[in-house]
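Peer 1: I have a structure I would like to understand better, so I am pasting it below and will then ask my questions one at a time.
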Amino acid sequence: MEKSKNTNYIRYIITLIVLITLFVILILLNIKLGSVDVSVKDIIDILFHGSGNETNYNILWKVRLPRMMASIILGGALALSGFLLQTFFNNPIAGPYVLGISSGSKMMVALVMIAVLSRYHYVNSAALIIAAFAGAMLSMGFVLIISRKVNSVSMLIVCGVMIGYICSAITDIMITFADDANIVNLHNWSLGSFSGTSWKNVGVMASVVLPTSLIVFLMSKPIGAYQLGENYAKNMGINIKLFRIMLVLLSSFLCACVTAFAGPISFVGIAVPHLVKSFLKTSKPLIVTPICFLGGSVFCLGCDLIARTLFAPVELSVSTVSSIFGVPIVIYIMLKKRVH
Amino acid sequence: MNKEYFFYTKKLTVGYNGKPLIKDIEVNLKKGQILTLIGPNGSGKSTILKSITKHLKSICGTIYIDSESIESMSNKDMAQKVSVMLTDKLKTELMTCKDVVETGRYPYTGMLGILSEEDNLQVRNAMELVNAWELRDRDFTEISDGQRQRILLARAICQEPEIIVLDEPTSFLDIHYELELLSILRTLAEERNITVIMSLHELDMAQKVSDLVMCVKGEYITHLGTPEEIFQKELISQLYDLSNGNYNPLFGSFEMERPKGKPKVFVIAGGGTGIAEYRILQKKGIPFATGILHKNDIDYQLAQDLASEVFFEKSFDPISEAVFQNALDRMNSCNIVINCLKTYGEINMKNKTLYREAVSQGKKILESADML
Amino acid sequence: MIKKRYMLTAMVIIIISLLSGCSQDMDKNEKFLGNQLHTEGSMELKYAKNFSVDYYKEGYALISISDGSRYLIVPEGKDIPTNLDKSITILRQPINNIYLVATSAMCLFDALDSLDTISLSGTKAEDWYIENAKAAMKAGDIIYAGKYNIPDYEMIMSNNCKLAIESTMINHTPEVKDKLEELGIPVLTDQSSYESHPLGRTEWIKLYGLLTGKESEAKQLFDEQASYIDQLASQEKTDKTVAFFYISSSGNAIARKSGDYVTRMIELAGGNYIFDHLGNSESATSTVTLEMEEFYATAKDADFIIYNSTIDGELSSVEELIGKNSLLKDFKAVQNDNVWCTSKNMFQETTQFGLMISDIHRMLTNDDKDLAKLNFMYKLSATDGEK
């Protein structure tokens with residue numbers, strides 16, 4: 001017994017070390033790399049002594065660092081959200097958007113763009129963020145209401161997909177009747193980007209994502225019990241109805257936050273939990289949850305770095321990059337499961 | 001009032017969506033007793049079990065555990081009193097067998113679910129009890145069905161319950177594992193005073209392992225009693241609607257339908273020699289008569305279920321003339337005779353006569369029904 | 001005697017009330033400037049309604065844009081007035097290293113020969129029609145700094161950008177504006193697309209002239225275009241009707257809203273836009289999408305067609321036009337051989353609107369059957385190259 005426990009611990013620690021190393025490397029790269037060349041000496045001056053070239057100072061503190069923080073926080077949020085939903089639905093292809101959240105967000109953003117822009121010619125950036133978040137919560141709300149009437153958990157996925165379709169349909173109707181000029185940016189919004197993040201944004205993100213993630217970690221025990229299925233979980237004393245609601249709420253909150261600030265970002269939520277679990281060779285929430293968050297941060301740090309530096313000044317959508325890396329991972333996992 | 005009983009129900013009615021399926025269930029169990037539910041498919045056994053484990057809300061009536069109604073018990077209390085083993089197919093991911101068993105300690109671990117020394121000990125004990133300790137590091141999805149049931153049982157055990165509820169725990173098991181599992185349950189009941197409530201399809205096992213048996217059919221519990229009371233031919237036949245077979249309570253076995261029609265073959269047997277022939281004839285669908293047997297003969301038991309007509313004498317008595325004559329008449333109407341006896345004793349000497357009669361009448365004599 | 005006194009008092013009262021009326025307006029702006037500066041005059045604007053400029057001593061000037069933003073031009077070396085209202089953005093001269101996103105402004109900068117004040121562009125080199133802009137980008141004097149909705153902030157900052165001139169598209173991505181301002185880069189949103197008079201758009205050259213210190217050149221260029229209009233003002237309005245549209249990829253007709261600057265150009269040229277009250281005057285957009293049949297019902301009677309080729313590409317023949325939708329065959333303008341097409345760069349040449357209007361006038365009043373090419377339009381013939 002001792003031997004196997006030790007191998008497990010060793011595996012966990014190695015994974016943690018690798019992830020932390022990647023984390024640090026990517027942070028350093030994200031600070032150093034960009035369209036403008038900033039020397040290492042300058043970086044040190046700026047970060048630790050508060051001095052240095054003023055333009056570079058601003059570039060670092062106002063452009064690169066807040067964006068990097070957004071990648072870290074939102075990447076972690078996506079990965080956690082994906083892990084929660086994959087456990088809940090016992091479905092390896094479930095992701096943060098399976099409950100129709102991105103469609104709900106897009107619908108509300110389109111609505112605000114059309115309603116406000118056509119009348120006032122200008123819309124507040126905070127309004128778009130709130131709209132996206134509200135749209136996500138709306139989708140989530142519908143799913144929760146339907147989940148009360150429905151006993152089987154797999155029906156929830158169907159609900160989520162259906163809600164997604166309805167929201168998309170409504171959005172399409174709005175687009176048809178709207179003037180092109182008002183919704184031309186809707187497509188751009190749907191691509192997802194960390195560009196232009198400010199420290200104010202970071203503050204709001206952190207205040208939503210970090211407490212929520214902590215709650216998820218503290219719920220490791222019921223999540224673990226849930227892995228045997230709802231009936232066994234109930235026998236172990238878990239209040240199933242409450243747990244379902246909590247899970248939907250938590251994962252939706254995390255995902256809504258990401259969508260509100262950065263638009264929909266695909267595949268992080270699906271691919272990262274699988275990657276993490278395959279390295280840790282366990283699905284125990286107590287271990288997986290924090291590592292998943294870290295993994296999501298690392299993944300997004302990498303994807304965003306590539307998105308903004310590969311073809312500078314043209315910026316790829318971070319969703320594009322995450323899909324390019326995420327899809328092979330998901331395919332590999334599917335194949336591995338089929339062999340089973 | 002019901003202090004002596006550990007588990008009991010009062011006017012319990014169960015069902016789904018407010019529609020009652022089984023009404024007025026009254027059962028009393030002492031600690032360490034095993035109650036088995038038997039009955040046809042879909043009769044409501046699972047419904048009752050689910051109501052006991054609070055997976056399903058009972059429609060009316062109360063279930064009491066240790067004088068406390070389960071309605072008033074919190075989820076945690078229930079978790080520490082009742083553990084289950086269900087028919088659910090588990091789709092676990094990257095969980096070792098030990099991980100699965102460890103979940104049984106859930107009601108006892110702290111907030112983050114980290115196991116203490118005591119918890120680990122319980123897990124190990126439970127796994128050793130079911131002989132599954134060596135499987136502890138194997139992936140739960142990679143073991144056989146029999147091993148999986150054992151792991152789930154270990155999980156139920158390490159939950160330190162006072163009652164274990166099992167829904168058809170032996171469904172996927174071959175006889176080896178079935179025996180093993182049931183004997184573990186008996187051990188648990190005897191040594192740890194754990195009350196066991198389960199449903200079984202295998203009546204022979206139910207007969208052997210239970211203290212109490214409940215028959216579930218229709219709107220009410222048809223019977224509740226000891227195995228001796230329940231496992232009767234009539235009762236079982238009625239319970240399972242056996243128009244197409246017969247139940248033998250002595251062996252707890254079932255026989256398929258007897259061949260219909262006027263006997264074509266007469267089988268002279270006794271002392272267990274006829275069993276093989278009866279089976280062959282039944283398989284071939286050939287109605288037959290047999291005799292002359294004694295009531296304490298094994299052949300008699302089987303002949304009752306398979307033969308169209310049985311000629312028999314009281315136990316230990318030599319065959320009487322009357323019986324002999326009847327048998328002879330019947331044999332005369334048959335075209336084929338099979339003689340299973342090689343030797344004859346004092347009390348069945350008349351069978352020799354019967355045989356000679358057959359030969360002299362020119363009946364077709366066969367060694368075995370195989371040749372038909 | 002008494003009469004004289006009454007008249008004097010009346011005059012004094014009138015003058016005082018006039019002055020106070022004037023000063024009330026000036027007072028408002030002066031309040032924003034902390035009452036440190038006193039208005040000395042305003043920019044003379046003939047057609048533009050979406051911006052105004054007040055002049056103060058020593059070269060200070062306050063620009064007010066119709067979206068509510070205000071910019072104080074502070075001459076080089078001069079101090080910033082204290083107690084400035086927070087809503088005022090300071091623009092210190094010299095204003096250079098401009099990040100230009102509003103494509104319509106590039107033409108104006110080019111006409112002013114002020115391309116050297118621009119160092120960053122929101123449009124790639126190959127997408128500019130203005131040759132000088134293209135050349136400047138190719139030479140590296142102007143660098144591409146990313147699309148308007150995801151600009152390369154680092155590049156913009158490291159180029160010491162003093163001002164970002166955005167188009168109204170920035171309203172859809174307010175977070176970009178916020179970010180630029182957070183980084184200390186003032187943003188001015190060009191509202192010329194909201195001008196209903198075509199020369200109102202051209203008049204924005206005066207604003208950019210002010211920013212680049214070329215006010216007199218700007219006035220001269222504008223007056224030249226205005227003179228075309230003045231010439232036409234004396235002419236009689238014809239009764240000819242014009243349809244201005246293009247056929248979209250989904251098969252609909254995209255026409256201009258009545259009252260938009262293109263239809264105004266047609267009116268100023270002496271023509272009549274075929275649609276009387278098309279479109280919602282409240283809405284921000286200038287085009288209206290019509291299903292072909294609906295469009296056909298009204299537009300088939302137009303005397304002239306000007307096909308808007310700036311979107312999908314220039315047409316080479318009438319057949320190509322009819323190929324987009326066969327209903328076009330029955331249009332009066334097609335049957336009478338009065339179909340014209342805009343050259344692709346028509347709308348980028350903001351400084352030539354006067355000439356464009358004159359073009360349209362010539363098309364409307366032309367007698368010469370052989371006239372097939374104007375400055376900004378050409379006639380579509382039955383088969384290409386035959387005429």
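Residue numbers start at 1 in each chain; chains themselves are named A, B, ... in the order of the structure tokens; ligands are numbered from 1 in the order shown.
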Can you tell me which residues surround Glu293 (chain C) at a distance of at most 12 Å, considering only C-alpha atoms, apart from same-chain residues fewer than 3 positions away, and format the answer as JSON, numbers by chain?

Peer 2: {"C": [251, 252, 253, 289, 290, 296, 297, 298, 299, 300, 325, 326, 327, 328, 330, 331]}

Peer 1: Quick one: which chain B residues come within 9 Å of chain A, and what is the nearest atom pair for each with the distance in Å to one decimal, counting only C-alpha atoms, rows ordered by chain and ascending number, as JSON lines?

Peer 2:
{"residue": "B:Thr53", "atom": "CA", "partner": "A:Asn235", "partner_atom": "CA", "distance": 7.2}
{"residue": "B:Lys54", "atom": "CA", "partner": "A:Asn235", "partner_atom": "CA", "distance": 8.2}
{"residue": "B:His55", "atom": "CA", "partner": "A:Asn231", "partner_atom": "CA", "distance": 7.2}
{"residue": "B:Ser74", "atom": "CA", "partner": "A:Gly237", "partner_atom": "CA", "distance": 8.0}
{"residue": "B:Asn75", "atom": "CA", "partner": "A:Gly237", "partner_atom": "CA", "distance": 4.4}
{"residue": "B:Lys76", "atom": "CA", "partner": "A:Gly237", "partner_atom": "CA", "distance": 4.8}
{"residue": "B:Asp77", "atom": "CA", "partner": "A:Gly237", "partner_atom": "CA", "distance": 7.8}
{"residue": "B:Met78", "atom": "CA", "partner": "A:Gly237", "partner_atom": "CA", "distance": 6.9}
{"residue": "B:Ala79", "atom": "CA", "partner": "A:Met236", "partner_atom": "CA", "distance": 5.0}
{"residue": "B:Gln80", "atom": "CA", "partner": "A:Met236", "partner_atom": "CA", "distance": 8.0}
{"residue": "B:Val82", "atom": "CA", "partner": "A:Asn235", "partner_atom": "CA", "distance": 7.6}
{"residue": "B:Ser83", "atom": "CA", "partner": "A:Asn235", "partner_atom": "CA", "distance": 6.5}
{"residue": "B:Val84", "atom": "CA", "partner": "A:Asn235", "partner_atom": "CA", "distance": 7.0}
{"residue": "B:Met85", "atom": "CA", "partner": "A:Tyr232", "partner_atom": "CA", "distance": 8.3}
{"residue": "B:Leu86", "atom": "CA", "partner": "A:Tyr232", "partner_atom": "CA", "distance": 8.0}
{"residue": "B:Asp88", "atom": "CA", "partner": "A:Asn231", "partner_atom": "CA", "distance": 8.1}
{"residue": "B:Lys89", "atom": "CA", "partner": "A:Gly229", "partner_atom": "CA", "distance": 8.9}
{"residue": "B:Leu90", "atom": "CA", "partner": "A:Leu228", "partner_atom": "CA", "distance": 6.2}
{"residue": "B:Lys91", "atom": "CA", "partner": "A:Leu228", "partner_atom": "CA", "distance": 7.3}
{"residue": "B:Thr92", "atom": "CA", "partner": "A:Leu228", "partner_atom": "CA", "distance": 6.4}
{"residue": "B:Glu93", "atom": "CA", "partner": "A:Ser283", "partner_atom": "CA", "distance": 6.5}
{"residue": "B:Leu94", "atom": "CA", "partner": "A:Thr282", "partner_atom": "CA", "distance": 5.1}
{"residue": "B:Met95", "atom": "CA", "partner": "A:Thr282", "partner_atom": "CA", "distance": 6.4}
{"residue": "B:Thr96", "atom": "CA", "partner": "A:Thr282", "partner_atom": "CA", "distance": 8.5}
{"residue": "B:Asp99", "atom": "CA", "partner": "A:Lys284", "partner_atom": "CA", "distance": 8.6}
{"residue": "B:Val100", "atom": "CA", "partner": "A:Leu228", "partner_atom": "CA", "distance": 7.7}
{"residue": "B:Thr103", "atom": "CA", "partner": "A:Ala225", "partner_atom": "CA", "distance": 6.3}
{"residue": "B:Gly104", "atom": "CA", "partner": "A:Met236", "partner_atom": "CA", "distance": 7.2}
{"residue": "B:Arg105", "atom": "CA", "partner": "A:Met236", "partner_atom": "CA", "distance": 8.5}
{"residue": "B:Tyr106", "atom": "CA", "partner": "A:Met236", "partner_atom": "CA", "distance": 6.3}
{"residue": "B:Pro107", "atom": "CA", "partner": "A:Met236", "partner_atom": "CA", "distance": 6.3}
{"residue": "B:Gly110", "atom": "CA", "partner": "A:Lys221", "partner_atom": "CA", "distance": 8.9}
{"residue": "B:Met111", "atom": "CA", "partner": "A:Lys221", "partner_atom": "CA", "distance": 7.0}
{"residue": "B:Leu112", "atom": "CA", "partner": "A:Lys221", "partner_atom": "CA", "distance": 5.5}
{"residue": "B:Gly113", "atom": "CA", "partner": "A:Lys221", "partner_atom": "CA", "distance": 5.1}
{"residue": "B:Ile114", "atom": "CA", "partner": "A:Lys221", "partner_atom": "CA", "distance": 8.5}
{"residue": "B:Arg136", "atom": "CA", "partner": "A:Met1", "partner_atom": "CA", "distance": 8.6}
{"residue": "B:Asp137", "atom": "CA", "partner": "A:Ser4", "partner_atom": "CA", "distance": 7.4}
{"residue": "B:Gln159", "atom": "CA", "partner": "A:Met236", "partner_atom": "CA", "distance": 8.6}

Peer 1: Kindly save the residues from that selection, with N, CA and C atoms included, as a JSON list (two decimals), in the first residue's frame.

Peer 2:
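Resulting contents of out_6.json:
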[["chain", "number", "residue", "atom", "x", "y", "z"],
["B", 53, "THR", "N", -34.18, 3.35, 1.14],
["B", 53, "THR", "CA", -32.93, 4.12, 1.15],
["B", 53, "THR", "C", -33.16, 5.60, 0.94],
["B", 54, "LYS", "N", -34.43, 5.98, 0.89],
["B", 54, "LYS", "CA", -34.79, 7.39, 0.65],
["B", 54, "LYS", "C", -34.40, 7.88, -0.72],
["B", 55, "HIS", "N", -34.18, 6.98, -1.67],
["B", 55, "HIS", "CA", -33.98, 7.44, -3.04],
["B", 55, "HIS", "C", -35.31, 7.84, -3.65],
["B", 74, "SER", "N", -31.52, 13.17, 9.05],
["B", 74, "SER", "CA", -30.82, 13.98, 8.06],
["B", 74, "SER", "C", -30.11, 13.05, 7.08],
["B", 75, "ASN", "N", -29.64, 13.64, 5.97],
["B", 75, "ASN", "CA", -28.90, 12.85, 4.99],
["B", 75, "ASN", "C", -27.69, 12.19, 5.62],
["B", 76, "LYS", "N", -27.05, 12.93, 6.52],
["B", 76, "LYS", "CA", -25.84, 12.39, 7.13],
["B", 76, "LYS", "C", -26.18, 11.20, 8.03],
["B", 77, "ASP", "N", -27.24, 11.35, 8.82],
["B", 77, "ASP", "CA", -27.65, 10.24, 9.68],
["B", 77, "ASP", "C", -27.94, 9.00, 8.86],
["B", 78, "MET", "N", -28.71, 9.18, 7.79],
["B", 78, "MET", "CA", -29.04, 8.05, 6.93],
["B", 78, "MET", "C", -27.78, 7.42, 6.40],
["B", 79, "ALA", "N", -26.82, 8.29, 6.01],
["B", 79, "ALA", "CA", -25.60, 7.77, 5.41],
["B", 79, "ALA", "C", -24.84, 6.89, 6.40],
["B", 80, "GLN", "N", -24.95, 7.22, 7.67],
["B", 80, "GLN", "CA", -24.21, 6.43, 8.65],
["B", 80, "GLN", "C", -24.98, 5.19, 9.09],
["B", 82, "VAL", "N", -27.48, 3.53, 6.82],
["B", 82, "VAL", "CA", -27.85, 2.67, 5.69],
["B", 82, "VAL", "C", -26.85, 2.81, 4.56],
["B", 83, "SER", "N", -26.35, 1.67, 4.10],
["B", 83, "SER", "CA", -25.53, 1.73, 2.89],
["B", 83, "SER", "C", -26.15, 0.84, 1.83],
["B", 84, "VAL", "N", -25.80, 1.07, 0.59],
["B", 84, "VAL", "CA", -26.49, 0.38, -0.49],
["B", 84, "VAL", "C", -25.54, -0.28, -1.45],
["B", 85, "MET", "N", -26.12, -1.21, -2.21],
["B", 85, "MET", "CA", -25.41, -1.77, -3.35],
["B", 85, "MET", "C", -26.45, -1.87, -4.45],
["B", 86, "LEU", "N", -26.23, -1.12, -5.52],
["B", 86, "LEU", "CA", -27.28, -0.96, -6.52],
["B", 86, "LEU", "C", -26.95, -1.67, -7.81],
["B", 88, "ASP", "N", -26.92, -0.07, -10.59],
["B", 88, "ASP", "CA", -26.41, 0.94, -11.51],
["B", 88, "ASP", "C", -25.09, 0.51, -12.13],
["B", 89, "LYS", "N", -24.96, 0.81, -13.43],
["B", 89, "LYS", "CA", -23.68, 0.54, -14.07],
["B", 89, "LYS", "C", -22.79, 1.77, -13.83],
["B", 90, "LEU", "N", -21.70, 1.57, -13.16],
["B", 90, "LEU", "CA", -20.87, 2.72, -12.83],
["B", 90, "LEU", "C", -19.88, 3.03, -13.94],
["B", 91, "LYS", "N", -19.86, 4.34, -14.29],
["B", 91, "LYS", "CA", -18.86, 4.74, -15.31],
["B", 91, "LYS", "C", -17.84, 5.59, -14.61],
["B", 92, "THR", "N", -16.92, 4.96, -13.96],
["B", 92, "THR", "CA", -15.94, 5.77, -13.25],
["B", 92, "THR", "C", -14.78, 6.11, -14.17],
["B", 93, "GLU", "N", -14.05, 7.13, -13.77],
["B", 93, "GLU", "CA", -12.92, 7.54, -14.60],
["B", 93, "GLU", "C", -11.70, 7.59, -13.73],
["B", 94, "LEU", "N", -10.69, 6.81, -14.10],
["B", 94, "LEU", "CA", -9.41, 6.84, -13.39],
["B", 94, "LEU", "C", -9.57, 6.60, -11.89],
["B", 95, "MET", "N", -10.55, 5.80, -11.49],
["B", 95, "MET", "CA", -10.65, 5.49, -10.07],
["B", 95, "MET", "C", -10.15, 4.08, -9.83],
["B", 96, "THR", "N", -9.28, 3.95, -8.83],
["B", 96, "THR", "CA", -8.85, 2.59, -8.49],
["B", 96, "THR", "C", -9.95, 1.97, -7.62],
["B", 99, "ASP", "N", -10.07, 3.58, -4.39],
["B", 99, "ASP", "CA", -10.77, 4.87, -4.43],
["B", 99, "ASP", "C", -12.27, 4.67, -4.29],
["B", 100, "VAL", "N", -12.78, 3.66, -5.00],
["B", 100, "VAL", "CA", -14.22, 3.43, -4.95],
["B", 100, "VAL", "C", -14.65, 3.05, -3.54],
["B", 103, "THR", "N", -14.87, 5.86, -0.93],
["B", 103, "THR", "CA", -16.01, 6.78, -0.91],
["B", 103, "THR", "C", -17.02, 6.37, 0.14],
["B", 104, "GLY", "N", -16.94, 5.11, 0.54],
["B", 104, "GLY", "CA", -17.85, 4.66, 1.59],
["B", 104, "GLY", "C", -17.58, 5.34, 2.92],
["B", 105, "ARG", "N", -16.41, 5.88, 3.10],
["B", 105, "ARG", "CA", -16.08, 6.52, 4.37],
["B", 105, "ARG", "C", -16.57, 7.96, 4.40],
["B", 106, "TYR", "N", -17.17, 8.37, 3.32],
["B", 106, "TYR", "CA", -17.62, 9.76, 3.17],
["B", 106, "TYR", "C", -18.34, 10.32, 4.40],
["B", 107, "PRO", "N", -19.31, 9.60, 4.96],
["B", 107, "PRO", "CA", -20.03, 10.19, 6.11],
["B", 107, "PRO", "C", -19.16, 10.42, 7.33],
["B", 110, "GLY", "N", -13.69, 14.41, 7.14],
["B", 110, "GLY", "CA", -13.87, 15.84, 7.36],
["B", 110, "GLY", "C", -14.31, 16.57, 6.10],
["B", 111, "MET", "N", -14.13, 17.88, 6.12],
["B", 111, "MET", "CA", -14.66, 18.72, 5.04],
["B", 111, "MET", "C", -14.10, 18.41, 3.67],
["B", 112, "LEU", "N", -12.80, 18.15, 3.64],
["B", 112, "LEU", "CA", -12.21, 17.92, 2.32],
["B", 112, "LEU", "C", -12.18, 16.46, 1.96],
["B", 113, "GLY", "N", -12.68, 15.62, 2.82],
["B", 113, "GLY", "CA", -12.75, 14.21, 2.49],
["B", 113, "GLY", "C", -11.44, 13.47, 2.61],
["B", 114, "ILE", "N", -10.53, 13.98, 3.39],
["B", 114, "ILE", "CA", -9.23, 13.28, 3.53],
["B", 114, "ILE", "C", -9.39, 12.17, 4.57],
["B", 136, "ARG", "N", -6.75, -3.59, -4.98],
["B", 136, "ARG", "CA", -6.92, -2.19, -4.58],
["B", 136, "ARG", "C", -6.37, -1.17, -5.57],
["B", 137, "ASP", "N", -5.26, -1.50, -6.30],
["B", 137, "ASP", "CA", -4.69, -0.51, -7.20],
["B", 137, "ASP", "C", -5.16, -0.65, -8.63],
["B", 159, "GLN", "N", -18.74, 1.62, 5.04],
["B", 159, "GLN", "CA", -19.56, 2.74, 5.44],
["B", 159, "GLN", "C", -20.10, 2.54, 6.86]]

Peer 1: Identify every residue of chain A that has at least one atom within 9 Å of any atom of chain C, counting only C-alpha atoms, and report the result as a ChimeraX atom specification.

Peer 2: /A:34-36,55-56,58-60,62-64,113,117-126,128,179-186,188-189,193,195-198,308,312-315

Peer 1: Selected residues, C-alpha atoms, written as a short mmCIF file (atom, residue, chain, number, x, y, z; two decimals), in the first residue's frame, please.

Peer 2:
data_model
loop_
_atom_site.label_atom_id
_atom_site.label_comp_id
_atom_site.auth_asym_id
_atom_site.auth_seq_id
_atom_site.Cartn_x
_atom_site.Cartn_y
_atom_site.Cartn_z
CA GLY A 34 5.45 41.82 -27.71
CA SER A 35 5.50 44.16 -30.72
CA VAL A 36 7.85 46.43 -28.87
CA THR A 55 6.65 54.30 -22.60
CA ASN A 56 7.98 50.88 -21.76
CA ASN A 58 3.23 51.88 -19.58
CA ILE A 59 3.52 49.08 -22.08
CA LEU A 60 4.43 46.64 -19.37
CA LYS A 62 -0.88 48.85 -18.71
CA VAL A 63 -0.81 46.54 -21.68
CA ARG A 64 1.10 43.32 -21.05
CA MET A 113 -25.54 46.49 -29.53
CA LEU A 117 -26.04 51.70 -30.75
CA SER A 118 -28.86 52.51 -33.13
CA ARG A 119 -30.23 55.08 -30.76
CA TYR A 120 -27.27 56.57 -29.01
CA HIS A 121 -24.43 55.81 -31.41
CA TYR A 122 -22.30 54.77 -28.48
CA VAL A 123 -22.37 52.04 -25.91
CA ASN A 124 -20.49 51.81 -22.64
CA SER A 125 -17.96 48.99 -22.47
CA ALA A 126 -19.26 48.06 -19.07
CA LEU A 128 -21.44 45.01 -23.01
CA ASP A 179 -28.62 47.36 -39.84
CA ASP A 180 -25.31 45.87 -40.76
CA ALA A 181 -23.43 48.70 -39.17
CA ASN A 182 -24.77 47.90 -35.72
CA ILE A 183 -23.85 44.27 -35.54
CA VAL A 184 -20.71 44.19 -37.60
CA ASN A 185 -18.75 43.79 -34.43
CA LEU A 186 -20.81 40.91 -33.11
CA ASN A 188 -15.58 39.95 -33.78
CA TRP A 189 -16.93 39.65 -30.25
CA SER A 193 -9.85 38.00 -27.14
CA SER A 195 -6.84 42.34 -25.86
CA GLY A 196 -7.37 45.63 -24.07
CA THR A 197 -7.79 44.23 -20.58
CA SER A 198 -7.43 46.87 -17.91
CA ARG A 308 -0.68 38.19 -30.16
CA ALA A 312 1.97 41.02 -34.95
CA PRO A 313 0.46 43.55 -35.38
CA VAL A 314 -2.32 41.37 -36.67
CA GLU A 315 -3.78 39.46 -33.77
#

Peer 1: Can you tell me which residues surround Asn332 (chain B) at a distance of at most 9 Å, considering only C-alpha atoms, apart from same-chain residues fewer than 4 positions away, and format the answer as a PyMOL selection string?

Peer 2: chain B and resi 266+327-328+358+361+363

Peer 1: Run DSSP on the backbone of this structure and report the residues of region 49-286 of chain C it assigns to strand (DSSP E or B), as a VMD selection string.

Peer 2: chain C and resid 51 to 55 61 to 65 70 to 74 88 to 92 98 to 100 118 to 121 143 to 144 164 to 166 187 to 189 241 to 247 253 to 256 272 to 273

Peer 1: How far is it from CA of His361 (chain C) to CA of Gly313 (chain C), in Å with one decimal?

Peer 2: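 That distance, rounded to one decimal, is 23.8 Å.
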
Peer 1: Neighbouring residues of region 287-296 of chain A were defined as those with any atom within 10 Å, considering only C-alpha atoms; residues of the same chain fewer than 3 positions away were excluded. Please report them as a PyMOL selection string.

Peer 2: chain A and resi 12+15-16+19-20+22-23+71-84+213-214+216-220+268-269+271-277+280-284+299-302
